[in-house]
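S.K.: One structure, pasted below without further comment.
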Amino acid sequence: MDSASSAASHLSTHPDLSTGPDLARRPAAGLHPHLSIRPLPETDIDRALDLAYLVFHDTPEEEKRKHHHDLLLGCHRIGAYDGDALVGVVVALPFTVSVPGGELPCPSLTFVSVAPTHRRRGVLSGMIAKLYEKCVADGHPLAALWASEDAIYGRFGFGPATHGNTVEINSERPLALRITPDDGPLRLVDPADAPALIGEYYDRTRTRRAGRIARSEAWWSEEWLVTEDEEDDELSPPRVVVLGTRPDATRPGATQSDATPSDAITGYAVYRTKTRDDAPGLVRLDELEADTPQAAAALWRYLASIDLTGVIRAWGRPVDDPLLLFAADRDQVRVTGQFPALWMRLVDVRAALLARSWAAPADLVLEVTDAQLPANEGRFRLTVDGEHASYTAAYDRTDAPADLTLDVRDLAAAYLGGNQITAVVRAGLATEHTPGTAATLDAALRTDHLPHTVDEF
């Protein structure tokens, strides 16, 4: 839900958590005086779930409800109360997300719910303001969410930082490829054993792209590899196929004695299948990761050759998926849709910018607007210098004239390297006072791979 991992600290009840810059003191506009925003205690988790199910028109089975209850136990929880009645909920998952050059803690919103009787009374604004206070207190410069309604979250400073493609492949005939697939061995892995094996591989390769969350073993087991799919009970249990190397191969830099089970993996795919009376059998691909285009090609060819199936449907593929280039027939491999995925919020712009790596030098003055967090507003000189692959950045307040004026949501959308500031300028949403500034910033923010997120929450 703006929708559903593990342990996190409890929210503080102090009315002003900001001991440094005045980041989060601006009051929530329109909050009725008889409403209060405060930490939601463990004893109110069931009430929070009832409210979320009401808002999202959901009636989960008891097992799923227990899963949600256990999930909320380990999260930051914020409630809005009208007297004793719970009328709003925001839950923040304690995620860590990859950013260019590393990773950062990133509280991620889910179960965002406001009672239908209390809409437009400042409830959501008040809860998000309280979340920002918590982020400031904990030194967390980012927050994130998946938006069920895109129109809502831009006004809170969130911007769509990653996008996903829905891809469909006609596999009633062999998959035509322009490259030769890796000839390493393929093997199916028991889903019960998969978290230890592909989880290690995922951890080792996760930071190749920005936007990916760190997955706990529980997240693997309860979100990725559950026996019955929550949305379609006609799908098979999860299948996990891994591509291996030749027996004497290990990852670069490792010796044979150093090798772990995941060293012998060069890629994997998680998928489910479904027979259909009125159409060819379906392969629904949930995730495919590979070290090389050749390894990816081997996994795609495997998926396309599964007996009694005729279509592969893959949701949330990277926009720059190499499949779209090495597929020989784009009538066979079609992008059927594209959507915004992870929405990012820069709670502390300076800390977020200093924490990421940079691709090119820059020296420019940004004028940033931020309707919720005053410490982010104003003019700041961003300088990026040094040598390639070791650039360092500085970001300090200045009285110098602005080269570029933009809103924090647009800076957040570009932060992971997936969107261009030049496009924001062309759309009339940012003002370039010095020609070429947006292109300079785009070059500095660029990443080798577009950011990508497939963990929906």
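By convention in this document, the chains of the structure tokens carry letters A, B, ... by their order, each chain's residues are numbered from 1, and ligands are numbered from 1 in the order they are shown.
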Each residue of range 149-235 of chain A with at least one atom at most 10 Å from range 299-303 of chain A should appear once, together with its nearest atom pair and the corresponding distance in Å (one decimal); atoms considered: only C-alpha atoms; ordering: chain, then increasing residue number; output as a Markdown table.
M.R.:
| residue | atom | partner | partner_atom | distance |
| --- | --- | --- | --- | --- |
| A:Ile169 | CA | A:Trp300 | CA | 9.7 |
| A:Ser171 | CA | A:Leu303 | CA | 8.4 |
| A:Pro174 | CA | A:Arg301 | CA | 7.8 |
| A:Leu175 | CA | A:Arg301 | CA | 6.1 |
| A:Ala176 | CA | A:Arg301 | CA | 8.7 |
| A:Leu177 | CA | A:Arg301 | CA | 8.7 |
| A:Pro181 | CA | A:Arg301 | CA | 7.9 |
| A:Asp182 | CA | A:Leu299 | CA | 8.8 |
| A:Leu186 | CA | A:Leu299 | CA | 8.4 |
S.K.: Using only N, CA, C and O atoms, please write the residues we just selected to a file, as a PDB file, in the first residue's frame.
M.R.:
ATOM      1  N   ILE A 169       6.618 -10.778 -23.972  1.00  0.00           N
ATOM      2  CA  ILE A 169       7.346 -11.528 -24.997  1.00  0.00           C
ATOM      3  C   ILE A 169       6.462 -12.641 -25.527  1.00  0.00           C
ATOM      4  O   ILE A 169       5.891 -13.425 -24.756  1.00  0.00           O
ATOM      5  N   SER A 171       6.408 -16.012 -26.716  1.00  0.00           N
ATOM      6  CA  SER A 171       7.335 -17.153 -26.663  1.00  0.00           C
ATOM      7  C   SER A 171       6.756 -18.397 -27.314  1.00  0.00           C
ATOM      8  O   SER A 171       7.202 -19.511 -27.044  1.00  0.00           O
ATOM      9  N   PRO A 174      10.826 -19.582 -30.778  1.00  0.00           N
ATOM     10  CA  PRO A 174      12.086 -19.331 -30.067  1.00  0.00           C
ATOM     11  C   PRO A 174      12.398 -17.834 -30.003  1.00  0.00           C
ATOM     12  O   PRO A 174      12.099 -17.075 -30.932  1.00  0.00           O
ATOM     13  N   LEU A 175      12.980 -17.426 -28.885  1.00  0.00           N
ATOM     14  CA  LEU A 175      13.328 -16.027 -28.687  1.00  0.00           C
ATOM     15  C   LEU A 175      14.507 -15.657 -29.579  1.00  0.00           C
ATOM     16  O   LEU A 175      15.593 -16.247 -29.473  1.00  0.00           O
ATOM     17  N   ALA A 176      14.292 -14.700 -30.461  1.00  0.00           N
ATOM     18  CA  ALA A 176      15.341 -14.274 -31.385  1.00  0.00           C
ATOM     19  C   ALA A 176      16.266 -13.285 -30.693  1.00  0.00           C
ATOM     20  O   ALA A 176      15.813 -12.285 -30.131  1.00  0.00           O
ATOM     21  N   LEU A 177      17.564 -13.563 -30.745  1.00  0.00           N
ATOM     22  CA  LEU A 177      18.560 -12.754 -30.044  1.00  0.00           C
ATOM     23  C   LEU A 177      19.674 -12.333 -30.983  1.00  0.00           C
ATOM     24  O   LEU A 177      20.023 -13.052 -31.924  1.00  0.00           O
ATOM     25  N   PRO A 181      23.910 -16.372 -26.045  1.00  0.00           N
ATOM     26  CA  PRO A 181      23.723 -16.486 -24.595  1.00  0.00           C
ATOM     27  C   PRO A 181      24.882 -17.199 -23.912  1.00  0.00           C
ATOM     28  O   PRO A 181      25.581 -18.028 -24.512  1.00  0.00           O
ATOM     29  N   ASP A 182      25.106 -16.876 -22.666  1.00  0.00           N
ATOM     30  CA  ASP A 182      26.082 -17.566 -21.823  1.00  0.00           C
ATOM     31  C   ASP A 182      25.750 -19.054 -21.806  1.00  0.00           C
ATOM     32  O   ASP A 182      24.590 -19.452 -21.692  1.00  0.00           O
ATOM     33  N   LEU A 186      22.316 -24.098 -16.057  1.00  0.00           N
ATOM     34  CA  LEU A 186      21.121 -23.601 -15.383  1.00  0.00           C
ATOM     35  C   LEU A 186      20.628 -24.650 -14.399  1.00  0.00           C
ATOM     36  O   LEU A 186      20.699 -25.857 -14.671  1.00  0.00           O
TER      37      LEU A 186
END
S.K.: Just the residues within 9 Å of Leu441 in chain A, please, counting only C-alpha atoms, with nothing from its chain fewer than 6 positions along; format it as a ChimeraX atom specification.
M.R.: /A:360-364,420-422
S.K.: Find the spatial neighbours of Leu54 in chain A, counting only C-alpha atoms, within a cut-off of 12 Å - ignore same-chain residues fewer than 3 positions away - and output them as a ChimeraX atom specification.
M.R.: /A:47-51,57-60,87-89,111-117
S.K.: What would the file look like if the residues just selected were written as a PDB file, in the first residue's frame with N, CA, C and O atoms?
M.R.:
ATOM      1  N   ARG A  47      -6.024  -1.551  15.158  1.00  0.00           N
ATOM      2  CA  ARG A  47      -6.878  -0.444  14.733  1.00  0.00           C
ATOM      3  C   ARG A  47      -6.323   0.199  13.452  1.00  0.00           C
ATOM      4  O   ARG A  47      -7.100   0.585  12.555  1.00  0.00           O
ATOM      5  N   ALA A  48      -5.004   0.297  13.368  1.00  0.00           N
ATOM      6  CA  ALA A  48      -4.380   0.854  12.167  1.00  0.00           C
ATOM      7  C   ALA A  48      -4.664  -0.018  10.950  1.00  0.00           C
ATOM      8  O   ALA A  48      -4.964   0.488   9.855  1.00  0.00           O
ATOM      9  N   LEU A  49      -4.590  -1.335  11.128  1.00  0.00           N
ATOM     10  CA  LEU A  49      -4.879  -2.236  10.015  1.00  0.00           C
ATOM     11  C   LEU A  49      -6.342  -2.120   9.596  1.00  0.00           C
ATOM     12  O   LEU A  49      -6.654  -2.103   8.393  1.00  0.00           O
ATOM     13  N   ASP A  50      -7.245  -2.039  10.558  1.00  0.00           N
ATOM     14  CA  ASP A  50      -8.662  -1.891  10.216  1.00  0.00           C
ATOM     15  C   ASP A  50      -8.891  -0.633   9.385  1.00  0.00           C
ATOM     16  O   ASP A  50      -9.659  -0.644   8.404  1.00  0.00           O
ATOM     17  N   LEU A  51      -8.223   0.465   9.762  1.00  0.00           N
ATOM     18  CA  LEU A  51      -8.371   1.709   9.011  1.00  0.00           C
ATOM     19  C   LEU A  51      -7.804   1.569   7.601  1.00  0.00           C
ATOM     20  O   LEU A  51      -8.427   1.989   6.617  1.00  0.00           O
ATOM     21  N   HIS A  57     -10.139  -0.659   0.672  1.00  0.00           N
ATOM     22  CA  HIS A  57     -11.203  -1.589   0.273  1.00  0.00           C
ATOM     23  C   HIS A  57     -10.700  -3.021   0.229  1.00  0.00           C
ATOM     24  O   HIS A  57     -10.901  -3.755  -0.740  1.00  0.00           O
ATOM     25  N   ASP A  58     -10.075  -3.432   1.301  1.00  0.00           N
ATOM     26  CA  ASP A  58      -9.426  -4.737   1.355  1.00  0.00           C
ATOM     27  C   ASP A  58      -9.992  -5.558   2.513  1.00  0.00           C
ATOM     28  O   ASP A  58     -10.364  -4.998   3.568  1.00  0.00           O
ATOM     29  N   THR A  59     -10.077  -6.877   2.323  1.00  0.00           N
ATOM     30  CA  THR A  59     -10.476  -7.791   3.388  1.00  0.00           C
ATOM     31  C   THR A  59      -9.542  -8.994   3.336  1.00  0.00           C
ATOM     32  O   THR A  59      -9.869 -10.032   2.758  1.00  0.00           O
ATOM     33  N   PRO A  60      -8.351  -8.870   3.900  1.00  0.00           N
ATOM     34  CA  PRO A  60      -7.368  -9.952   3.771  1.00  0.00           C
ATOM     35  C   PRO A  60      -7.716 -11.158   4.628  1.00  0.00           C
ATOM     36  O   PRO A  60      -8.434 -11.056   5.635  1.00  0.00           O
ATOM     37  N   VAL A  87      -7.859   8.189  13.185  1.00  0.00           N
ATOM     38  CA  VAL A  87      -8.401   8.633  11.901  1.00  0.00           C
ATOM     39  C   VAL A  87      -7.336   8.752  10.815  1.00  0.00           C
ATOM     40  O   VAL A  87      -7.648   9.112   9.680  1.00  0.00           O
ATOM     41  N   GLY A  88      -6.093   8.444  11.132  1.00  0.00           N
ATOM     42  CA  GLY A  88      -5.044   8.491  10.128  1.00  0.00           C
ATOM     43  C   GLY A  88      -3.851   7.648  10.542  1.00  0.00           C
ATOM     44  O   GLY A  88      -3.577   7.499  11.739  1.00  0.00           O
ATOM     45  N   VAL A  89      -3.153   7.091   9.555  1.00  0.00           N
ATOM     46  CA  VAL A  89      -1.988   6.243   9.814  1.00  0.00           C
ATOM     47  C   VAL A  89      -0.934   6.495   8.747  1.00  0.00           C
ATOM     48  O   VAL A  89      -1.262   6.642   7.561  1.00  0.00           O
ATOM     49  N   PHE A 111       1.056   1.899   4.045  1.00  0.00           N
ATOM     50  CA  PHE A 111      -0.183   1.931   4.835  1.00  0.00           C
ATOM     51  C   PHE A 111      -0.645   3.364   5.099  1.00  0.00           C
ATOM     52  O   PHE A 111      -1.203   3.663   6.158  1.00  0.00           O
ATOM     53  N   VAL A 112      -0.415   4.260   4.152  1.00  0.00           N
ATOM     54  CA  VAL A 112      -0.826   5.654   4.340  1.00  0.00           C
ATOM     55  C   VAL A 112      -2.342   5.730   4.204  1.00  0.00           C
ATOM     56  O   VAL A 112      -2.890   5.463   3.126  1.00  0.00           O
ATOM     57  N   SER A 113      -3.024   6.091   5.275  1.00  0.00           N
ATOM     58  CA  SER A 113      -4.485   6.012   5.294  1.00  0.00           C
ATOM     59  C   SER A 113      -5.072   7.179   6.088  1.00  0.00           C
ATOM     60  O   SER A 113      -4.577   7.513   7.157  1.00  0.00           O
ATOM     61  N   VAL A 114      -6.123   7.759   5.542  1.00  0.00           N
ATOM     62  CA  VAL A 114      -6.898   8.779   6.247  1.00  0.00           C
ATOM     63  C   VAL A 114      -8.361   8.359   6.180  1.00  0.00           C
ATOM     64  O   VAL A 114      -8.875   8.025   5.107  1.00  0.00           O
ATOM     65  N   ALA A 115      -9.039   8.361   7.326  1.00  0.00           N
ATOM     66  CA  ALA A 115     -10.448   7.966   7.366  1.00  0.00           C
ATOM     67  C   ALA A 115     -11.265   8.843   6.422  1.00  0.00           C
ATOM     68  O   ALA A 115     -11.035  10.057   6.335  1.00  0.00           O
ATOM     69  N   PRO A 116     -12.210   8.256   5.698  1.00  0.00           N
ATOM     70  CA  PRO A 116     -13.008   9.063   4.754  1.00  0.00           C
ATOM     71  C   PRO A 116     -13.784  10.184   5.424  1.00  0.00           C
ATOM     72  O   PRO A 116     -14.133  11.170   4.773  1.00  0.00           O
ATOM     73  N   THR A 117     -14.013  10.080   6.721  1.00  0.00           N
ATOM     74  CA  THR A 117     -14.708  11.143   7.461  1.00  0.00           C
ATOM     75  C   THR A 117     -13.810  12.323   7.795  1.00  0.00           C
ATOM     76  O   THR A 117     -14.289  13.363   8.264  1.00  0.00           O
TER      77      THR A 117
END
S.K.: Write out as number ranges by chain each polymer residue whose atoms come within 12 Å of His68 in chain A, counting only C-alpha atoms; drop sequence neighbours fewer than 4 positions from it.
M.R.: A: 1, 3-6, 45-46, 48-50, 52-53, 60-64, 72-75, 91, 93, 110-111, 222-223, 457
S.K.: Closest to Asp229 in chain A among A:Leu145, A:Lys274, A:Asp190, A:Thr383, using only C-alpha atoms?
M.R.: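 Of A:Leu145, A:Lys274, A:Asp190, A:Thr383, the one nearest Asp229 in chain A is A:Lys274, counting only C-alpha atoms.
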S.K.: Using only C-alpha atoms, pick whichever of A:Phe95, A:Tyr391, A:Tyr153, A:Tyr268 has the shortest atom-to-atom distance to Thr292 in chain A.
M.R.: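 Under the stated criterion, the closest residue is A:Tyr268.
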S.K.: Which of these residues is nearest to Ala143 in chain A, using only C-alpha atoms: A:Val311, A:Leu325, A:Val347, A:Ala194?
M.R.: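 Among the listed residues, A:Val347 lies closest to Ala143 in chain A.
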S.K.: Contacts of Leu197 in chain A at 12 Å or less, counting only C-alpha atoms, minus same-chain residues fewer than 3 places along, as an MDAnalysis selection string?
M.R.: chainID A and resid 188:194 200:204 217 220 240:244 260:268
S.K.: Take the residues that were just selected and, keeping N, CA and C atoms, output them as a PDB file, in the first residue's frame.
M.R.:
ATOM      1  N   LEU A 188      17.411 -25.251 -11.208  1.00  0.00           N
ATOM      2  CA  LEU A 188      16.315 -24.769 -10.391  1.00  0.00           C
ATOM      3  C   LEU A 188      16.677 -24.916  -8.923  1.00  0.00           C
ATOM      4  N   VAL A 189      16.301 -23.919  -8.133  1.00  0.00           N
ATOM      5  CA  VAL A 189      16.628 -23.878  -6.709  1.00  0.00           C
ATOM      6  C   VAL A 189      15.332 -23.942  -5.911  1.00  0.00           C
ATOM      7  N   ASP A 190      15.321 -24.723  -4.858  1.00  0.00           N
ATOM      8  CA  ASP A 190      14.173 -24.769  -3.963  1.00  0.00           C
ATOM      9  C   ASP A 190      13.958 -23.373  -3.382  1.00  0.00           C
ATOM     10  N   PRO A 191      12.724 -22.823  -3.488  1.00  0.00           N
ATOM     11  CA  PRO A 191      12.489 -21.483  -2.927  1.00  0.00           C
ATOM     12  C   PRO A 191      12.883 -21.354  -1.457  1.00  0.00           C
ATOM     13  N   ALA A 192      12.810 -22.461  -0.700  1.00  0.00           N
ATOM     14  CA  ALA A 192      13.200 -22.406   0.707  1.00  0.00           C
ATOM     15  C   ALA A 192      14.693 -22.140   0.869  1.00  0.00           C
ATOM     16  N   ASP A 193      15.481 -22.551  -0.114  1.00  0.00           N
ATOM     17  CA  ASP A 193      16.937 -22.357  -0.065  1.00  0.00           C
ATOM     18  C   ASP A 193      17.369 -21.075  -0.770  1.00  0.00           C
ATOM     19  N   ALA A 194      16.452 -20.461  -1.504  1.00  0.00           N
ATOM     20  CA  ALA A 194      16.819 -19.338  -2.362  1.00  0.00           C
ATOM     21  C   ALA A 194      17.296 -18.105  -1.605  1.00  0.00           C
ATOM     22  N   GLU A 200      22.373 -13.604  -1.252  1.00  0.00           N
ATOM     23  CA  GLU A 200      23.780 -13.208  -1.168  1.00  0.00           C
ATOM     24  C   GLU A 200      24.235 -12.556  -2.471  1.00  0.00           C
ATOM     25  N   TYR A 201      23.803 -13.139  -3.592  1.00  0.00           N
ATOM     26  CA  TYR A 201      24.131 -12.554  -4.895  1.00  0.00           C
ATOM     27  C   TYR A 201      23.541 -11.145  -5.009  1.00  0.00           C
ATOM     28  N   TYR A 202      22.284 -11.005  -4.612  1.00  0.00           N
ATOM     29  CA  TYR A 202      21.615  -9.708  -4.678  1.00  0.00           C
ATOM     30  C   TYR A 202      22.343  -8.681  -3.820  1.00  0.00           C
ATOM     31  N   ASP A 203      22.739  -9.080  -2.607  1.00  0.00           N
ATOM     32  CA  ASP A 203      23.454  -8.158  -1.725  1.00  0.00           C
ATOM     33  C   ASP A 203      24.763  -7.700  -2.356  1.00  0.00           C
ATOM     34  N   ARG A 204      25.441  -8.628  -3.028  1.00  0.00           N
ATOM     35  CA  ARG A 204      26.737  -8.324  -3.615  1.00  0.00           C
ATOM     36  C   ARG A 204      26.626  -7.421  -4.833  1.00  0.00           C
ATOM     37  N   GLU A 217      16.254 -11.584   5.072  1.00  0.00           N
ATOM     38  CA  GLU A 217      15.786 -12.931   4.749  1.00  0.00           C
ATOM     39  C   GLU A 217      14.268 -13.010   4.870  1.00  0.00           C
ATOM     40  N   TRP A 220      12.689 -11.572   1.730  1.00  0.00           N
ATOM     41  CA  TRP A 220      12.732 -12.566   0.659  1.00  0.00           C
ATOM     42  C   TRP A 220      11.614 -13.592   0.835  1.00  0.00           C
ATOM     43  N   VAL A 240      12.622 -20.567  -9.005  1.00  0.00           N
ATOM     44  CA  VAL A 240      13.888 -19.833  -8.987  1.00  0.00           C
ATOM     45  C   VAL A 240      14.900 -20.595  -9.823  1.00  0.00           C
ATOM     46  N   VAL A 241      15.384 -19.971 -10.881  1.00  0.00           N
ATOM     47  CA  VAL A 241      16.407 -20.578 -11.724  1.00  0.00           C
ATOM     48  C   VAL A 241      17.669 -19.723 -11.627  1.00  0.00           C
ATOM     49  N   VAL A 242      18.809 -20.390 -11.474  1.00  0.00           N
ATOM     50  CA  VAL A 242      20.081 -19.672 -11.414  1.00  0.00           C
ATOM     51  C   VAL A 242      20.977 -20.129 -12.553  1.00  0.00           C
ATOM     52  N   LEU A 243      21.759 -19.196 -13.036  1.00  0.00           N
ATOM     53  CA  LEU A 243      22.760 -19.488 -14.056  1.00  0.00           C
ATOM     54  C   LEU A 243      24.102 -19.559 -13.372  1.00  0.00           C
ATOM     55  N   GLY A 244      24.847 -20.655 -13.627  1.00  0.00           N
ATOM     56  CA  GLY A 244      26.138 -20.844 -12.975  1.00  0.00           C
ATOM     57  C   GLY A 244      27.303 -20.593 -13.910  1.00  0.00           C
ATOM     58  N   THR A 260      32.176 -18.434  -2.313  1.00  0.00           N
ATOM     59  CA  THR A 260      30.956 -18.791  -1.607  1.00  0.00           C
ATOM     60  C   THR A 260      29.973 -19.319  -2.640  1.00  0.00           C
ATOM     61  N   PRO A 261      28.848 -19.938  -2.220  1.00  0.00           N
ATOM     62  CA  PRO A 261      27.900 -20.454  -3.208  1.00  0.00           C
ATOM     63  C   PRO A 261      27.459 -19.423  -4.236  1.00  0.00           C
ATOM     64  N   SER A 262      27.288 -18.159  -3.816  1.00  0.00           N
ATOM     65  CA  SER A 262      26.815 -17.167  -4.776  1.00  0.00           C
ATOM     66  C   SER A 262      27.901 -16.743  -5.757  1.00  0.00           C
ATOM     67  N   ASP A 263      29.174 -17.054  -5.476  1.00  0.00           N
ATOM     68  CA  ASP A 263      30.239 -16.727  -6.425  1.00  0.00           C
ATOM     69  C   ASP A 263      30.063 -17.480  -7.742  1.00  0.00           C
ATOM     70  N   ALA A 264      29.434 -18.643  -7.681  1.00  0.00           N
ATOM     71  CA  ALA A 264      29.244 -19.452  -8.874  1.00  0.00           C
ATOM     72  C   ALA A 264      28.011 -19.034  -9.665  1.00  0.00           C
ATOM     73  N   ILE A 265      27.300 -17.998  -9.210  1.00  0.00           N
ATOM     74  CA  ILE A 265      26.097 -17.532  -9.886  1.00  0.00           C
ATOM     75  C   ILE A 265      26.430 -16.304 -10.727  1.00  0.00           C
ATOM     76  N   THR A 266      25.983 -16.314 -11.960  1.00  0.00           N
ATOM     77  CA  THR A 266      26.124 -15.125 -12.804  1.00  0.00           C
ATOM     78  C   THR A 266      24.776 -14.505 -13.131  1.00  0.00           C
ATOM     79  N   GLY A 267      23.700 -15.059 -12.581  1.00  0.00           N
ATOM     80  CA  GLY A 267      22.383 -14.474 -12.774  1.00  0.00           C
ATOM     81  C   GLY A 267      21.300 -15.380 -12.233  1.00  0.00           C
ATOM     82  N   TYR A 268      20.117 -14.835 -12.057  1.00  0.00           N
ATOM     83  CA  TYR A 268      18.984 -15.632 -11.590  1.00  0.00           C
ATOM     84  C   TYR A 268      17.695 -15.006 -12.080  1.00  0.00           C
TER      85      TYR A 268
END
S.K.: Within 7 Å of Arg209 in chain A, counting only C-alpha atoms, which residues qualify if same-chain residues fewer than 6 places away don't, as a JSON list (two decimals) with C-alpha atoms, in the first residue's frame?
M.R.:
[["chain", "number", "residue", "atom", "x", "y", "z"],
["A", 449, "HIS", "CA", 22.83, 2.51, -15.20],
["A", 450, "LEU", "CA", 19.44, 4.07, -14.71],
["A", 451, "PRO", "CA", 18.06, 3.66, -11.18],
["A", 452, "HIS", "CA", 15.64, 0.79, -10.76]]
S.K.: What lies within 9 Å of Gly378 in chain A using only C-alpha atoms, ignoring chain neighbours under 2 positions off, as number ranges by chain?
M.R.: A: 366-370, 374-376, 380, 397-398
S.K.: If you keep C-alpha atoms, can you produce a file of those selected residues as a tab-separated table (two decimals), in the first residue's frame?
M.R.:
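Now in selection.tsv:
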chain	number	residue	atom	x	y	z
A	366	LEU	CA	20.89	26.41	-7.00
A	367	GLU	CA	17.87	28.19	-5.64
A	368	VAL	CA	15.70	25.49	-4.10
A	369	THR	CA	12.07	25.86	-3.05
A	370	ASP	CA	10.61	23.54	-0.40
A	374	PRO	CA	12.50	25.57	5.38
A	375	ALA	CA	16.15	24.60	5.92
A	376	ASN	CA	16.23	23.25	2.36
A	380	PHE	CA	23.24	27.15	-2.32
A	397	ARG	CA	24.41	28.56	1.47
A	398	THR	CA	25.34	31.64	-0.57
S.K.: Using only C-alpha atoms for the distances, tell me which of A:Ser305, A:Ser221, A:Ala359, A:Thr205 is nearest to Ala443 in chain A.
M.R.: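 Counting only C-alpha atoms, the residue closest to Ala443 in chain A is A:Ala359.
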S.K.: Quick one: DSSP helix (DSSP H, G or I) residues in range 128-334 of chain A, as a PyMOL selection string?
M.R.: chain A and resi 128-138+150-156+194-208+217-224+256-258+261-264+293-304+323-326
S.K.: Could you build a table of the residues in range 22-100 of chain A lying no more than 10 Å from range 121-128 of chain A, giving for each the nearest pair of atoms and their separation in Å rounded to one decimal place, using only C-alpha atoms, ordered by chain and ascending residue number, as CSV?
M.R.:
residue,atom,partner,partner_atom,distance
A:Pro27,CA,A:Gly126,CA,7.7
A:Ala28,CA,A:Gly126,CA,5.0
A:Ala29,CA,A:Gly122,CA,6.2
A:Gly30,CA,A:Gly122,CA,4.8
A:Leu31,CA,A:Gly122,CA,4.2
A:His32,CA,A:Arg121,CA,6.1
A:Pro33,CA,A:Arg121,CA,9.9
A:Leu35,CA,A:Val123,CA,7.9
A:Ser36,CA,A:Gly126,CA,8.5
A:Ile37,CA,A:Met127,CA,6.2
A:Arg38,CA,A:Met127,CA,8.1
A:Pro39,CA,A:Met127,CA,9.6
A:Arg77,CA,A:Met127,CA,9.7
A:Ile78,CA,A:Met127,CA,6.4
A:Gly79,CA,A:Met127,CA,7.1
A:Ala80,CA,A:Val123,CA,6.5
A:Tyr81,CA,A:Val123,CA,9.0
A:Asp82,CA,A:Val123,CA,10.0
A:Val87,CA,A:Val123,CA,8.1
A:Gly88,CA,A:Val123,CA,6.6
A:Val89,CA,A:Met127,CA,7.5
A:Val90,CA,A:Met127,CA,6.6
A:Val91,CA,A:Met127,CA,9.7
S.K.: For those residues, write C-alpha atoms to a file as a compact mmCIF listing (two decimals), in the first residue's frame.
M.R.:
# COMPACT_ATOMS: atom_id res chain seq x y z
CA PRO A 27 3.27 23.64 11.13
CA ALA A 28 0.97 21.42 9.09
CA ALA A 29 -1.45 23.75 7.35
CA GLY A 30 -5.12 23.23 8.10
CA LEU A 31 -4.82 20.69 10.94
CA HIS A 32 -7.94 21.06 13.06
CA PRO A 33 -7.11 21.91 16.68
CA LEU A 35 -6.86 16.53 16.03
CA SER A 36 -3.51 15.30 17.32
CA ILE A 37 -0.59 13.60 15.57
CA ARG A 38 1.45 11.25 17.73
CA PRO A 39 3.32 7.94 17.71
CA ARG A 77 4.27 4.24 13.13
CA ILE A 78 2.44 7.58 13.23
CA GLY A 79 -1.24 8.02 14.05
CA ALA A 80 -3.71 10.86 13.75
CA TYR A 81 -6.33 10.92 16.51
CA ASP A 82 -9.65 12.70 16.86
CA VAL A 87 -8.40 8.63 11.90
CA GLY A 88 -5.04 8.49 10.13
CA VAL A 89 -1.99 6.24 9.81
CA VAL A 90 1.46 6.52 8.27
CA VAL A 91 3.93 3.65 8.56
S.K.: Report, in Å with one decimal, the straight-line distance from CA of Asp84 in chain A to CA of Gln372 in chain A.
M.R.: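 So the answer is 27.6 Å.
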S.K.: Could you write out, as a ChimeraX atom specification, all the residues of range 86-160 of chain A that DSSP marks as strand (DSSP E or B)?
M.R.: /A:86-99,102-114,142-146,159-160
S.K.: So how many Å separate CA of Leu104 in chain A and CA of Ala196 in chain A, to one decimal?
M.R.: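 The value is 23.2 Å.
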S.K.: Measuring atom to atom with only C-alpha atoms, identify which of A:Pro322, A:Leu382, A:Asp331, A:Arg65 is nearest to Thr440 in chain A.
M.R.: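 The closest residue to Thr440 in chain A is A:Leu382.
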S.K.: My list of candidates is A:Cys106, A:Ala427, A:Ile198, A:Val365. Which is closest to Pro401 in chain A when distances are computed with only C-alpha atoms?
M.R.: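 Selected residue with least distance to Pro401 in chain A: A:Val365.
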